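Visitor: Here you go, this is upload.cif (mmCIF, N, CA and C atoms).
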```cif
data_coords
loop_
_atom_site.label_atom_id
_atom_site.label_comp_id
_atom_site.auth_asym_id
_atom_site.auth_seq_id
_atom_site.Cartn_x
_atom_site.Cartn_y
_atom_site.Cartn_z
N TYR A 1 12.19 -51.31 35.99
CA TYR A 1 12.24 -52.64 36.55
C TYR A 1 12.64 -53.65 35.48
N THR A 2 13.37 -54.68 35.90
CA THR A 2 13.73 -55.76 34.98
C THR A 2 12.60 -56.78 34.98
N ASP A 3 12.66 -57.70 34.03
CA ASP A 3 11.67 -58.79 34.01
C ASP A 3 11.75 -59.61 35.29
N ASP A 4 12.96 -59.83 35.79
CA ASP A 4 13.13 -60.57 37.04
C ASP A 4 12.51 -59.82 38.22
N ASP A 5 12.67 -58.50 38.25
CA ASP A 5 12.06 -57.69 39.30
C ASP A 5 10.54 -57.87 39.29
N LEU A 6 9.96 -57.77 38.12
CA LEU A 6 8.50 -57.88 38.00
C LEU A 6 8.01 -59.27 38.37
N ASP A 7 8.77 -60.30 37.99
CA ASP A 7 8.41 -61.67 38.35
C ASP A 7 8.46 -61.86 39.87
N SER A 8 9.51 -61.32 40.49
CA SER A 8 9.64 -61.43 41.95
C SER A 8 8.51 -60.69 42.66
N TRP A 9 8.19 -59.49 42.18
CA TRP A 9 7.11 -58.68 42.78
C TRP A 9 5.78 -59.42 42.66
N SER A 10 5.51 -60.00 41.51
CA SER A 10 4.25 -60.74 41.32
C SER A 10 4.17 -61.93 42.28
N GLU A 11 5.27 -62.64 42.43
CA GLU A 11 5.29 -63.80 43.32
C GLU A 11 5.08 -63.39 44.78
N VAL A 12 5.75 -62.32 45.19
CA VAL A 12 5.61 -61.84 46.58
C VAL A 12 4.17 -61.39 46.85
N VAL A 13 3.58 -60.68 45.91
CA VAL A 13 2.20 -60.22 46.09
C VAL A 13 1.25 -61.41 46.09
N ALA A 14 1.46 -62.38 45.21
CA ALA A 14 0.61 -63.57 45.18
C ALA A 14 0.68 -64.30 46.53
N ARG A 15 1.87 -64.42 47.08
CA ARG A 15 2.03 -65.08 48.38
C ARG A 15 1.34 -64.28 49.48
N SER A 16 1.45 -62.96 49.43
CA SER A 16 0.80 -62.11 50.43
C SER A 16 -0.71 -62.23 50.36
N LEU A 17 -1.23 -62.22 49.16
CA LEU A 17 -2.68 -62.38 48.99
C LEU A 17 -3.13 -63.75 49.50
N ALA A 18 -2.38 -64.79 49.16
CA ALA A 18 -2.73 -66.14 49.62
C ALA A 18 -2.68 -66.22 51.15
N ALA A 19 -1.68 -65.57 51.75
CA ALA A 19 -1.56 -65.58 53.21
C ALA A 19 -2.74 -64.89 53.89
N SER A 20 -3.36 -63.95 53.17
CA SER A 20 -4.51 -63.24 53.73
C SER A 20 -5.84 -63.92 53.39
N GLY A 21 -5.76 -65.07 52.72
CA GLY A 21 -6.98 -65.84 52.45
C GLY A 21 -7.49 -65.78 51.03
N THR A 22 -6.86 -65.02 50.16
CA THR A 22 -7.28 -64.95 48.77
C THR A 22 -6.92 -66.26 48.07
N GLU A 23 -7.83 -66.75 47.24
CA GLU A 23 -7.61 -68.02 46.54
C GLU A 23 -7.78 -67.84 45.05
N ALA A 24 -7.22 -68.79 44.30
CA ALA A 24 -7.44 -68.81 42.85
C ALA A 24 -8.94 -68.86 42.61
N GLY A 25 -9.39 -68.09 41.64
CA GLY A 25 -10.82 -68.04 41.34
C GLY A 25 -11.56 -66.92 42.05
N ASP A 26 -10.95 -66.32 43.07
CA ASP A 26 -11.59 -65.18 43.74
C ASP A 26 -11.58 -63.97 42.81
N THR A 27 -12.50 -63.05 43.07
CA THR A 27 -12.54 -61.79 42.34
C THR A 27 -11.96 -60.71 43.23
N VAL A 28 -10.89 -60.06 42.74
CA VAL A 28 -10.17 -59.03 43.50
C VAL A 28 -10.46 -57.67 42.88
N GLN A 29 -11.06 -56.79 43.65
CA GLN A 29 -11.31 -55.41 43.21
C GLN A 29 -10.14 -54.57 43.69
N ASN A 30 -9.35 -54.08 42.75
CA ASN A 30 -8.11 -53.38 43.06
C ASN A 30 -8.31 -51.87 43.01
N ALA A 31 -8.29 -51.25 44.18
CA ALA A 31 -8.49 -49.80 44.26
C ALA A 31 -7.18 -49.05 44.50
N TYR A 32 -6.06 -49.71 44.27
CA TYR A 32 -4.78 -48.99 44.27
C TYR A 32 -4.63 -48.32 42.92
N GLY A 33 -3.95 -47.18 42.90
CA GLY A 33 -3.77 -46.42 41.67
C GLY A 33 -2.93 -47.17 40.64
N TYR A 34 -3.27 -46.98 39.39
CA TYR A 34 -2.55 -47.60 38.28
C TYR A 34 -1.61 -46.62 37.60
N GLY A 35 -1.29 -45.53 38.25
CA GLY A 35 -0.38 -44.54 37.67
C GLY A 35 1.06 -44.90 37.95
N LEU A 36 1.86 -43.90 38.32
CA LEU A 36 3.27 -44.13 38.58
C LEU A 36 3.52 -44.91 39.86
N PHE A 37 2.59 -44.93 40.79
CA PHE A 37 2.69 -45.73 42.00
C PHE A 37 2.66 -47.20 41.61
N THR A 38 3.62 -47.97 42.08
CA THR A 38 3.71 -49.38 41.64
C THR A 38 2.70 -50.29 42.32
N GLY A 39 1.97 -49.79 43.30
CA GLY A 39 1.03 -50.64 44.03
C GLY A 39 -0.06 -51.24 43.16
N GLY A 40 -0.67 -50.44 42.32
CA GLY A 40 -1.79 -50.93 41.50
C GLY A 40 -1.38 -52.03 40.55
N LEU A 41 -0.35 -51.76 39.78
CA LEU A 41 0.10 -52.77 38.81
C LEU A 41 0.71 -53.98 39.50
N GLY A 42 1.45 -53.74 40.58
CA GLY A 42 2.04 -54.85 41.32
C GLY A 42 0.98 -55.77 41.90
N LEU A 43 -0.06 -55.17 42.49
CA LEU A 43 -1.16 -55.95 43.05
C LEU A 43 -1.89 -56.70 41.94
N HIS A 44 -2.11 -56.04 40.84
CA HIS A 44 -2.79 -56.63 39.70
C HIS A 44 -2.05 -57.89 39.23
N ASP A 45 -0.75 -57.74 38.99
CA ASP A 45 0.04 -58.87 38.49
C ASP A 45 0.11 -60.00 39.50
N GLY A 46 0.22 -59.67 40.77
CA GLY A 46 0.27 -60.70 41.80
C GLY A 46 -1.03 -61.47 41.92
N ALA A 47 -2.14 -60.77 41.81
CA ALA A 47 -3.45 -61.44 41.86
C ALA A 47 -3.62 -62.36 40.66
N GLU A 48 -3.18 -61.91 39.49
CA GLU A 48 -3.23 -62.78 38.31
C GLU A 48 -2.33 -64.00 38.50
N GLU A 49 -1.16 -63.79 39.09
CA GLU A 49 -0.24 -64.90 39.37
C GLU A 49 -0.91 -65.95 40.25
N LEU A 50 -1.72 -65.49 41.18
CA LEU A 50 -2.44 -66.39 42.08
C LEU A 50 -3.59 -67.10 41.38
N GLY A 51 -4.06 -66.55 40.28
CA GLY A 51 -5.19 -67.14 39.56
C GLY A 51 -6.52 -66.47 39.85
N ALA A 52 -6.46 -65.25 40.38
CA ALA A 52 -7.68 -64.50 40.68
C ALA A 52 -8.11 -63.69 39.46
N THR A 53 -9.37 -63.29 39.47
CA THR A 53 -9.91 -62.38 38.48
C THR A 53 -9.78 -60.96 39.04
N ILE A 54 -9.39 -60.00 38.20
CA ILE A 54 -9.14 -58.64 38.66
C ILE A 54 -10.21 -57.68 38.14
N ILE A 55 -10.69 -56.83 39.03
CA ILE A 55 -11.50 -55.67 38.64
C ILE A 55 -10.57 -54.47 38.81
N PRO A 56 -9.99 -53.95 37.73
CA PRO A 56 -8.95 -52.91 37.82
C PRO A 56 -9.50 -51.49 37.85
N ILE A 57 -10.24 -51.15 38.90
CA ILE A 57 -10.89 -49.84 38.92
C ILE A 57 -9.95 -48.72 39.34
N GLY A 58 -8.90 -49.02 40.10
CA GLY A 58 -8.02 -47.96 40.56
C GLY A 58 -8.65 -47.19 41.70
N SER A 59 -8.06 -46.06 42.04
CA SER A 59 -8.50 -45.31 43.21
C SER A 59 -9.61 -44.32 42.88
N GLY A 60 -10.31 -43.89 43.93
CA GLY A 60 -11.36 -42.89 43.78
C GLY A 60 -12.69 -43.49 43.37
N GLN A 61 -13.60 -42.63 42.95
CA GLN A 61 -14.94 -43.04 42.51
C GLN A 61 -15.61 -43.93 43.55
N THR A 62 -15.68 -43.45 44.78
CA THR A 62 -16.07 -44.29 45.91
C THR A 62 -17.46 -44.90 45.76
N GLN A 63 -18.46 -44.12 45.36
CA GLN A 63 -19.79 -44.70 45.17
C GLN A 63 -19.77 -45.77 44.09
N ARG A 64 -19.02 -45.53 43.05
CA ARG A 64 -18.89 -46.54 41.98
C ARG A 64 -18.19 -47.80 42.50
N GLN A 65 -17.21 -47.62 43.37
CA GLN A 65 -16.53 -48.77 43.98
C GLN A 65 -17.55 -49.65 44.71
N VAL A 66 -18.41 -49.02 45.50
CA VAL A 66 -19.41 -49.76 46.27
C VAL A 66 -20.37 -50.47 45.32
N GLU A 67 -20.80 -49.79 44.27
CA GLU A 67 -21.71 -50.40 43.30
C GLU A 67 -21.06 -51.61 42.62
N LEU A 68 -19.82 -51.47 42.20
CA LEU A 68 -19.13 -52.58 41.55
C LEU A 68 -18.91 -53.73 42.52
N MET A 69 -18.57 -53.39 43.75
CA MET A 69 -18.36 -54.41 44.77
C MET A 69 -19.61 -55.26 44.94
N THR A 70 -20.75 -54.60 44.92
CA THR A 70 -22.03 -55.29 45.08
C THR A 70 -22.43 -56.03 43.81
N ASP A 71 -22.39 -55.33 42.68
CA ASP A 71 -22.84 -55.92 41.42
C ASP A 71 -21.97 -57.09 40.96
N LEU A 72 -20.66 -56.96 41.13
CA LEU A 72 -19.74 -58.00 40.64
C LEU A 72 -19.32 -58.98 41.74
N GLU A 73 -19.87 -58.80 42.93
CA GLU A 73 -19.64 -59.70 44.06
C GLU A 73 -18.16 -59.94 44.32
N SER A 74 -17.44 -58.85 44.52
CA SER A 74 -16.00 -58.94 44.80
C SER A 74 -15.76 -59.76 46.06
N ASP A 75 -14.78 -60.65 45.99
CA ASP A 75 -14.38 -61.44 47.16
C ASP A 75 -13.34 -60.70 47.99
N VAL A 76 -12.51 -59.90 47.31
CA VAL A 76 -11.40 -59.21 47.95
C VAL A 76 -11.39 -57.77 47.45
N PHE A 77 -11.14 -56.84 48.37
CA PHE A 77 -11.02 -55.43 48.01
C PHE A 77 -9.66 -54.95 48.49
N THR A 78 -8.85 -54.41 47.60
CA THR A 78 -7.52 -53.95 47.97
C THR A 78 -7.43 -52.44 47.87
N CYS A 79 -6.90 -51.82 48.94
CA CYS A 79 -6.76 -50.37 48.99
C CYS A 79 -5.96 -50.02 50.24
N THR A 80 -5.73 -48.74 50.45
CA THR A 80 -5.08 -48.31 51.68
C THR A 80 -6.07 -48.44 52.84
N PRO A 81 -5.59 -48.60 54.06
CA PRO A 81 -6.50 -48.71 55.21
C PRO A 81 -7.41 -47.50 55.39
N SER A 82 -6.89 -46.31 55.16
CA SER A 82 -7.71 -45.10 55.33
C SER A 82 -8.84 -45.06 54.30
N TYR A 83 -8.56 -45.52 53.08
CA TYR A 83 -9.60 -45.54 52.07
C TYR A 83 -10.66 -46.60 52.39
N ALA A 84 -10.24 -47.71 52.98
CA ALA A 84 -11.20 -48.74 53.37
C ALA A 84 -12.21 -48.18 54.38
N LEU A 85 -11.74 -47.37 55.33
CA LEU A 85 -12.64 -46.75 56.30
C LEU A 85 -13.60 -45.78 55.61
N TYR A 86 -13.07 -44.97 54.70
CA TYR A 86 -13.92 -44.03 53.98
C TYR A 86 -14.95 -44.77 53.12
N LEU A 87 -14.53 -45.85 52.47
CA LEU A 87 -15.45 -46.63 51.65
C LEU A 87 -16.56 -47.24 52.51
N ALA A 88 -16.21 -47.72 53.69
CA ALA A 88 -17.22 -48.29 54.60
C ALA A 88 -18.24 -47.23 55.01
N GLU A 89 -17.77 -46.03 55.30
CA GLU A 89 -18.69 -44.94 55.65
C GLU A 89 -19.61 -44.60 54.48
N THR A 90 -19.04 -44.55 53.28
CA THR A 90 -19.83 -44.25 52.09
C THR A 90 -20.85 -45.35 51.84
N ALA A 91 -20.45 -46.60 51.99
CA ALA A 91 -21.37 -47.72 51.76
C ALA A 91 -22.53 -47.67 52.76
N GLU A 92 -22.23 -47.32 53.99
CA GLU A 92 -23.28 -47.22 55.00
C GLU A 92 -24.27 -46.11 54.66
N GLU A 93 -23.76 -44.98 54.17
CA GLU A 93 -24.63 -43.87 53.77
C GLU A 93 -25.50 -44.23 52.56
N MET A 94 -24.94 -45.02 51.67
CA MET A 94 -25.68 -45.41 50.46
C MET A 94 -26.80 -46.38 50.81
#
```
Is it possible to give me this structure as structure tokens?
Guide:
Amino acid sequence: YTDDDLDSWSEVVARSLAASGTEAGDTVQNAYGYGLFTGGLGLHDGAEELGATIIPIGSGQTQRQVELMTDLESDVFTCTPSYALYLAETAEEM
């Protein structure tokens, strides 16, 4: 990616987050992968562009996700829809 590509991606993600109600100062727990998949880093940069604080946990570690969500009072949780359902089931069991 070029610097312009990354700037555009950050702006688009920031706008998407804002459209969904995320605001500057919110805490965003990012459960997208930070590996070769561009979702994690793209979401991270876009949330920073918006002025949010990032919890960069990445994917997996579901019980830990729930604990961090509670302990750090995340305002926004980003992940795939199927993982959100699994996380909700895990949180209910916990």
Visitor: What's the 12 Å shell around Val66 in chain A, counting only C-alpha atoms, without same-chain residues fewer than 6 positions away, as a count of residues only?
Guide: 18
Visitor: How many Å lie between CA of Thr62 in chain A and CA of Arg15 in chain A, rounded to one decimal?
Guide: 27.7 Å
Visitor: Enumerate the residues of chain A with a DSSP assignment of alpha helix (DSSP H), computed from the backbone, and present them as a short mmCIF file (atom, residue, chain, number, x, y, z; two decimals) with N, CA and C atoms, in the frame of the given file.
Guide:
```cif
data_model
loop_
_atom_site.label_atom_id
_atom_site.label_comp_id
_atom_site.auth_asym_id
_atom_site.auth_seq_id
_atom_site.Cartn_x
_atom_site.Cartn_y
_atom_site.Cartn_z
N ASP A 3 12.66 -57.70 34.03
CA ASP A 3 11.67 -58.79 34.01
C ASP A 3 11.75 -59.61 35.29
N ASP A 4 12.96 -59.83 35.79
CA ASP A 4 13.13 -60.57 37.04
C ASP A 4 12.51 -59.82 38.22
N ASP A 5 12.67 -58.50 38.25
CA ASP A 5 12.06 -57.69 39.30
C ASP A 5 10.54 -57.87 39.29
N LEU A 6 9.96 -57.77 38.12
CA LEU A 6 8.50 -57.88 38.00
C LEU A 6 8.01 -59.27 38.37
N ASP A 7 8.77 -60.30 37.99
CA ASP A 7 8.41 -61.67 38.35
C ASP A 7 8.46 -61.86 39.87
N SER A 8 9.51 -61.32 40.49
CA SER A 8 9.64 -61.43 41.95
C SER A 8 8.51 -60.69 42.66
N TRP A 9 8.19 -59.49 42.18
CA TRP A 9 7.11 -58.68 42.78
C TRP A 9 5.78 -59.42 42.66
N SER A 10 5.51 -60.00 41.51
CA SER A 10 4.25 -60.74 41.32
C SER A 10 4.17 -61.93 42.28
N GLU A 11 5.27 -62.64 42.43
CA GLU A 11 5.29 -63.80 43.32
C GLU A 11 5.08 -63.39 44.78
N VAL A 12 5.75 -62.32 45.19
CA VAL A 12 5.61 -61.84 46.58
C VAL A 12 4.17 -61.39 46.85
N VAL A 13 3.58 -60.68 45.91
CA VAL A 13 2.20 -60.22 46.09
C VAL A 13 1.25 -61.41 46.09
N ALA A 14 1.46 -62.38 45.21
CA ALA A 14 0.61 -63.57 45.18
C ALA A 14 0.68 -64.30 46.53
N ARG A 15 1.87 -64.42 47.08
CA ARG A 15 2.03 -65.08 48.38
C ARG A 15 1.34 -64.28 49.48
N SER A 16 1.45 -62.96 49.43
CA SER A 16 0.80 -62.11 50.43
C SER A 16 -0.71 -62.23 50.36
N LEU A 17 -1.23 -62.22 49.16
CA LEU A 17 -2.68 -62.38 48.99
C LEU A 17 -3.13 -63.75 49.50
N ALA A 18 -2.38 -64.79 49.16
CA ALA A 18 -2.73 -66.14 49.62
C ALA A 18 -2.68 -66.22 51.15
N ALA A 19 -1.68 -65.57 51.75
CA ALA A 19 -1.56 -65.58 53.21
C ALA A 19 -2.74 -64.89 53.89
N THR A 38 3.62 -47.97 42.08
CA THR A 38 3.71 -49.38 41.64
C THR A 38 2.70 -50.29 42.32
N GLY A 39 1.97 -49.79 43.30
CA GLY A 39 1.03 -50.64 44.03
C GLY A 39 -0.06 -51.24 43.16
N GLY A 40 -0.67 -50.44 42.32
CA GLY A 40 -1.79 -50.93 41.50
C GLY A 40 -1.38 -52.03 40.55
N LEU A 41 -0.35 -51.76 39.78
CA LEU A 41 0.10 -52.77 38.81
C LEU A 41 0.71 -53.98 39.50
N GLY A 42 1.45 -53.74 40.58
CA GLY A 42 2.04 -54.85 41.32
C GLY A 42 0.98 -55.77 41.90
N LEU A 43 -0.06 -55.17 42.49
CA LEU A 43 -1.16 -55.95 43.05
C LEU A 43 -1.89 -56.70 41.94
N HIS A 44 -2.11 -56.04 40.84
CA HIS A 44 -2.79 -56.63 39.70
C HIS A 44 -2.05 -57.89 39.23
N ASP A 45 -0.75 -57.74 38.99
CA ASP A 45 0.04 -58.87 38.49
C ASP A 45 0.11 -60.00 39.50
N GLY A 46 0.22 -59.67 40.77
CA GLY A 46 0.27 -60.70 41.80
C GLY A 46 -1.03 -61.47 41.92
N ALA A 47 -2.14 -60.77 41.81
CA ALA A 47 -3.45 -61.44 41.86
C ALA A 47 -3.62 -62.36 40.66
N GLU A 48 -3.18 -61.91 39.49
CA GLU A 48 -3.23 -62.78 38.31
C GLU A 48 -2.33 -64.00 38.50
N GLU A 49 -1.16 -63.79 39.09
CA GLU A 49 -0.24 -64.90 39.37
C GLU A 49 -0.91 -65.95 40.25
N LEU A 50 -1.72 -65.49 41.18
CA LEU A 50 -2.44 -66.39 42.08
C LEU A 50 -3.59 -67.10 41.38
N THR A 62 -15.68 -43.45 44.78
CA THR A 62 -16.07 -44.29 45.91
C THR A 62 -17.46 -44.90 45.76
N GLN A 63 -18.46 -44.12 45.36
CA GLN A 63 -19.79 -44.70 45.17
C GLN A 63 -19.77 -45.77 44.09
N ARG A 64 -19.02 -45.53 43.05
CA ARG A 64 -18.89 -46.54 41.98
C ARG A 64 -18.19 -47.80 42.50
N GLN A 65 -17.21 -47.62 43.37
CA GLN A 65 -16.53 -48.77 43.98
C GLN A 65 -17.55 -49.65 44.71
N VAL A 66 -18.41 -49.02 45.50
CA VAL A 66 -19.41 -49.76 46.27
C VAL A 66 -20.37 -50.47 45.32
N GLU A 67 -20.80 -49.79 44.27
CA GLU A 67 -21.71 -50.40 43.30
C GLU A 67 -21.06 -51.61 42.62
N LEU A 68 -19.82 -51.47 42.20
CA LEU A 68 -19.13 -52.58 41.55
C LEU A 68 -18.91 -53.73 42.52
N MET A 69 -18.57 -53.39 43.75
CA MET A 69 -18.36 -54.41 44.77
C MET A 69 -19.61 -55.26 44.94
N THR A 70 -20.75 -54.60 44.92
CA THR A 70 -22.03 -55.29 45.08
C THR A 70 -22.43 -56.03 43.81
N ASP A 71 -22.39 -55.33 42.68
CA ASP A 71 -22.84 -55.92 41.42
C ASP A 71 -21.97 -57.09 40.96
N PRO A 81 -5.59 -48.60 54.06
CA PRO A 81 -6.50 -48.71 55.21
C PRO A 81 -7.41 -47.50 55.39
N SER A 82 -6.89 -46.31 55.16
CA SER A 82 -7.71 -45.10 55.33
C SER A 82 -8.84 -45.06 54.30
N TYR A 83 -8.56 -45.52 53.08
CA TYR A 83 -9.60 -45.54 52.07
C TYR A 83 -10.66 -46.60 52.39
N ALA A 84 -10.24 -47.71 52.98
CA ALA A 84 -11.20 -48.74 53.37
C ALA A 84 -12.21 -48.18 54.38
N LEU A 85 -11.74 -47.37 55.33
CA LEU A 85 -12.64 -46.75 56.30
C LEU A 85 -13.60 -45.78 55.61
N TYR A 86 -13.07 -44.97 54.70
CA TYR A 86 -13.92 -44.03 53.98
C TYR A 86 -14.95 -44.77 53.12
N LEU A 87 -14.53 -45.85 52.47
CA LEU A 87 -15.45 -46.63 51.65
C LEU A 87 -16.56 -47.24 52.51
N ALA A 88 -16.21 -47.72 53.69
CA ALA A 88 -17.22 -48.29 54.60
C ALA A 88 -18.24 -47.23 55.01
N GLU A 89 -17.77 -46.03 55.30
CA GLU A 89 -18.69 -44.94 55.65
C GLU A 89 -19.61 -44.60 54.48
N THR A 90 -19.04 -44.55 53.28
CA THR A 90 -19.83 -44.25 52.09
C THR A 90 -20.85 -45.35 51.84
N ALA A 91 -20.45 -46.60 51.99
CA ALA A 91 -21.37 -47.72 51.76
C ALA A 91 -22.53 -47.67 52.76
N GLU A 92 -22.23 -47.32 53.99
CA GLU A 92 -23.28 -47.22 55.00
C GLU A 92 -24.27 -46.11 54.66
N GLU A 93 -23.76 -44.98 54.17
CA GLU A 93 -24.63 -43.87 53.77
C GLU A 93 -25.50 -44.23 52.56
#
```
Visitor: For the structure provided, state which residues fall under the PyMOL selection byres (((chain A and resi 17 and name CA) around 10) and name CA), and present them as a list in words.
Guide: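 For this structure, the PyMOL selection byres (((chain A and resi 17 and name CA) around 10) and name CA) captures Glu11, Val12, Val13, Ala14, Arg15, Ser16, Ala18, Ala19, Ser20, Gly21, Thr22, Glu23, Val28, Leu43, Gly46, Ala47, Leu50, Ala52, Val76 and Thr78 of chain A.
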Visitor: Enter the distance from atom N of Asp26 in chain A to CA of Thr53 in chain A, in Å, rounded to one decimal.
Guide: 6.1 Å
Visitor: Please list as a PyMOL selection string every residue within 10 Å of Leu6 in chain A, counting only C-alpha atoms and excluding residues in the same chain fewer than 3 positions away.
Guide: chain A and resi 1-3+9-12+41-42+45-46
Visitor: Just to confirm, what's the straight-line distance from CA of Tyr83 in chain A to CA of Ile54 in chain A in Å (one decimal)?
Guide: 18.8 Å
Visitor: What are the DSSP strand (DSSP E) residues of chain A, as a ChimeraX atom specification?
Guide: /A:27-30,53-55,76-78
Visitor: Around all the atoms of range 70-80 of chain A listed in the file, with 5 Å of room on each side, what axis-aligned box do you get, giving centre and edge lengths in Å to one decimal, as JSON?
Guide:
```
{"center_x": -14.0, "center_y": -54.9, "center_z": 46.7, "size_x": 27.8, "size_y": 23.1, "size_z": 22.2}
```
Visitor: For Tyr34 in chain A, which residue out of A:Glu48, A:Thr80, A:Met69, A:Pro56 is the nearest one, using only N, CA and C atoms?
Guide: A:Pro56
Visitor: Of the candidates A:Ala24, A:Gly58, A:Asp4, A:Leu85, which one gets nearest to Thr38 in chain A if we count only C-alpha atoms?
Guide: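 Using only C-alpha atoms, Thr38 in chain A sits closest to A:Gly58.
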Visitor: With distances taken over all atoms listed in the file, which residue among A:Ser82, A:Gly51, A:Ser59, A:Asp75 lies nearest Gly35 in chain A?
Guide: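 Ranking A:Ser82, A:Gly51, A:Ser59, A:Asp75 by distance to Gly35 in chain A, first place goes to A:Ser59.
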Visitor: Please, could all heavy atoms be added to range 80-87 of chain A and the result written as a compact mmCIF listing (two decimals), keeping the file's coordinate frame?
Guide:
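The file below, out_2.txt, is the result:
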```
# COMPACT_ATOMS: atom_id res chain seq x y z
N THR A 80 -5.73 -48.74 50.45
CA THR A 80 -5.08 -48.31 51.68
C THR A 80 -6.07 -48.44 52.84
O THR A 80 -7.29 -48.37 52.63
CB THR A 80 -4.62 -46.84 51.57
OG1 THR A 80 -5.77 -46.01 51.35
CG2 THR A 80 -3.61 -46.65 50.45
N PRO A 81 -5.59 -48.60 54.06
CA PRO A 81 -6.50 -48.71 55.21
C PRO A 81 -7.41 -47.50 55.39
O PRO A 81 -8.59 -47.64 55.69
CB PRO A 81 -5.55 -48.87 56.40
CG PRO A 81 -4.31 -49.46 55.82
CD PRO A 81 -4.20 -48.85 54.44
N SER A 82 -6.89 -46.31 55.16
CA SER A 82 -7.71 -45.10 55.33
C SER A 82 -8.84 -45.06 54.30
O SER A 82 -9.95 -44.64 54.61
CB SER A 82 -6.86 -43.84 55.26
OG SER A 82 -6.18 -43.77 54.02
N TYR A 83 -8.56 -45.52 53.08
CA TYR A 83 -9.60 -45.54 52.07
C TYR A 83 -10.66 -46.60 52.39
O TYR A 83 -11.84 -46.39 52.14
CB TYR A 83 -9.02 -45.77 50.66
CG TYR A 83 -10.07 -45.62 49.58
CD1 TYR A 83 -10.72 -44.41 49.37
CD2 TYR A 83 -10.43 -46.69 48.79
CE1 TYR A 83 -11.70 -44.27 48.40
CE2 TYR A 83 -11.41 -46.57 47.81
CZ TYR A 83 -12.04 -45.36 47.63
OH TYR A 83 -13.02 -45.23 46.67
N ALA A 84 -10.24 -47.71 52.98
CA ALA A 84 -11.20 -48.74 53.37
C ALA A 84 -12.21 -48.18 54.38
O ALA A 84 -13.41 -48.46 54.29
CB ALA A 84 -10.48 -49.95 53.96
N LEU A 85 -11.74 -47.37 55.33
CA LEU A 85 -12.64 -46.75 56.30
C LEU A 85 -13.60 -45.78 55.61
O LEU A 85 -14.80 -45.77 55.90
CB LEU A 85 -11.84 -46.02 57.38
CG LEU A 85 -11.06 -46.91 58.33
CD1 LEU A 85 -10.14 -46.07 59.22
CD2 LEU A 85 -12.00 -47.76 59.17
N TYR A 86 -13.07 -44.97 54.70
CA TYR A 86 -13.92 -44.03 53.98
C TYR A 86 -14.95 -44.77 53.12
O TYR A 86 -16.12 -44.38 53.07
CB TYR A 86 -13.04 -43.12 53.10
CG TYR A 86 -13.84 -42.13 52.29
CD1 TYR A 86 -14.53 -41.09 52.91
CD2 TYR A 86 -13.93 -42.25 50.91
CE1 TYR A 86 -15.28 -40.20 52.17
CE2 TYR A 86 -14.67 -41.36 50.16
CZ TYR A 86 -15.35 -40.33 50.79
OH TYR A 86 -16.09 -39.45 50.06
N LEU A 87 -14.53 -45.85 52.47
CA LEU A 87 -15.45 -46.63 51.65
C LEU A 87 -16.56 -47.24 52.51
O LEU A 87 -17.73 -47.23 52.12
CB LEU A 87 -14.70 -47.74 50.90
CG LEU A 87 -15.59 -48.52 49.97
CD1 LEU A 87 -15.03 -48.48 48.56
CD2 LEU A 87 -15.72 -49.94 50.43
```
